[in-house]
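All remarks here apply to the structure that follows.
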Amino acid sequence: MVLADSEQLIEELLWADRLLLGVPMYNFSVPSTFKVYVDNIVRVNRTFTFDPTSFTFEGLAINKKALVITPSAGNFTPNTPLGSMNFCETYLRSILGFIGIEDITIIAVPNQFMPDEIRQQSIEQARVKLITIAATW
Ligand SMILES: Cc1cc2nc3c(=O)[nH]c(=O)nc-3n(C[C@H](O)[C@H](O)[C@H](O)COP(=O)(O)O)c2cc1C
């Protein structure tokens, strides 16, 4: 049963040519529910291979694009006080890259616990970026 669910998620992933993911930052990383999804789709000989002779890995989920929207309470812009604590984005890039997805766009939506004006500004900036991306993605 567990394996059947995993197979279904992998089939869906391998079939798709675009992945649109909404992944909020939870405790500087991804939510545990998203991690469960990852644990179901990252499987040897299904979404990556491992060669024990050369000790190399190769992703099998190729020819795909991923667009990830990551809201957060804080601001994790590089070179700001919290910049080095954005394990959400680094994890997403690493794990998607590991299974072969190289074309990854991450749209951060920071400042979601800030006063409404700042929060709305952040949403608007993300919206503008997404409209631009939607034209060519
Ligand atoms: C359990 C939990 C942990 C969170 N951890 C962080 C965090 O480490 N950094 C941050 O900036 N925001 C954090 N947040 C805030 C969320 O990233 C923010 O509310 C985001 O907009 C979540 O979207 P959602 O409310 O639609 O799930 C956390 C929220 C929750 C519920």
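Chains: A, B, ... in order of the structure tokens. Residues: from 1 per chain. Ligands: from 1, in order shown.
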As a PDB file with C-alpha atoms, in the first residue's frame, please: every residue in chain A that a backbone DSSP assignment puts in strand (DSSP E or B).
```pdb
ATOM      1  CA  ARG A  18       6.331  21.139 -15.359  1.00  0.00           C
ATOM      2  CA  LEU A  19       6.196  21.122 -11.555  1.00  0.00           C
ATOM      3  CA  LEU A  20       4.466  23.969  -9.757  1.00  0.00           C
ATOM      4  CA  LEU A  21       5.117  23.706  -6.020  1.00  0.00           C
ATOM      5  CA  GLY A  22       3.950  25.886  -3.139  1.00  0.00           C
ATOM      6  CA  TYR A  26       8.790  26.063   8.213  1.00  0.00           C
ATOM      7  CA  SER A  29      13.365  24.471   5.997  1.00  0.00           C
ATOM      8  CA  VAL A  44      16.664   4.522  -6.425  1.00  0.00           C
ATOM      9  CA  PHE A  48      17.735   8.418  -9.625  1.00  0.00           C
ATOM     10  CA  THR A  49      20.350   5.765 -10.230  1.00  0.00           C
ATOM     11  CA  PHE A  50      23.411   4.912  -8.177  1.00  0.00           C
ATOM     12  CA  ASP A  51      26.519   3.327  -9.648  1.00  0.00           C
ATOM     13  CA  THR A  56      27.969   8.364  -8.982  1.00  0.00           C
ATOM     14  CA  PHE A  57      24.314   9.330  -8.921  1.00  0.00           C
ATOM     15  CA  GLU A  58      22.191  10.290 -11.886  1.00  0.00           C
ATOM     16  CA  GLY A  59      18.747  11.850 -11.874  1.00  0.00           C
ATOM     17  CA  LYS A  65      11.059  22.580 -15.159  1.00  0.00           C
ATOM     18  CA  ALA A  66      10.171  23.374 -11.563  1.00  0.00           C
ATOM     19  CA  LEU A  67       8.637  26.605 -10.326  1.00  0.00           C
ATOM     20  CA  VAL A  68       8.480  26.882  -6.545  1.00  0.00           C
ATOM     21  CA  ILE A  69       6.701  29.612  -4.572  1.00  0.00           C
ATOM     22  CA  THR A  70       8.091  29.918  -1.045  1.00  0.00           C
ATOM     23  CA  PRO A  71       6.325  32.285   1.367  1.00  0.00           C
ATOM     24  CA  ASP A 103      15.674  24.128 -14.493  1.00  0.00           C
ATOM     25  CA  ILE A 104      14.453  25.439 -11.128  1.00  0.00           C
ATOM     26  CA  THR A 105      12.894  28.835 -10.473  1.00  0.00           C
ATOM     27  CA  ILE A 106      12.191  29.817  -6.893  1.00  0.00           C
ATOM     28  CA  ILE A 107       9.979  32.797  -6.150  1.00  0.00           C
ATOM     29  CA  ALA A 108      10.313  33.872  -2.528  1.00  0.00           C
ATOM     30  CA  VAL A 109       7.429  35.726  -0.884  1.00  0.00           C
TER      31      VAL A 109
END
```
| said: To check your reading of the model: which residues sit at most 7 Å from ligand 1 when counting only C-alpha atoms and all ligand atoms? Write the answer as a list in words. | reply: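 For ligand 1, the residues inside 7 Å are Pro24, Met25, Tyr26, Asn27, Phe28, Ser29, Pro71, Ser72, Ala73, Gly74, Asn75, Gln112 and Phe113 of chain A.
Minimum atom-to-atom distance to Ser122 in chain A, evaluated using only C-alpha atoms, belongs to A:Pro110 out of A:Pro110, A:Glu12, A:Thr33, A:Thr47.
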| field | Residue set, range 10-127 of chain A restricted to alpha helix (DSSP H), as number ranges by chain | value | A: 10-15, 32-41, 87-98, 116-127
| remark: As a check of understanding: the span from CA of Val2 in chain A to CA of Asn40 in chain A is 8.9 Å
| Nearest to Phe34 in chain A by atom-to-atom distance, counting only C-alpha atoms, from A:Leu92, A:Met85, A:Ile131, A:Ile10 |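 Once distances to Phe34 in chain A are computed over only C-alpha atoms, the minimum belongs to A:Leu92.
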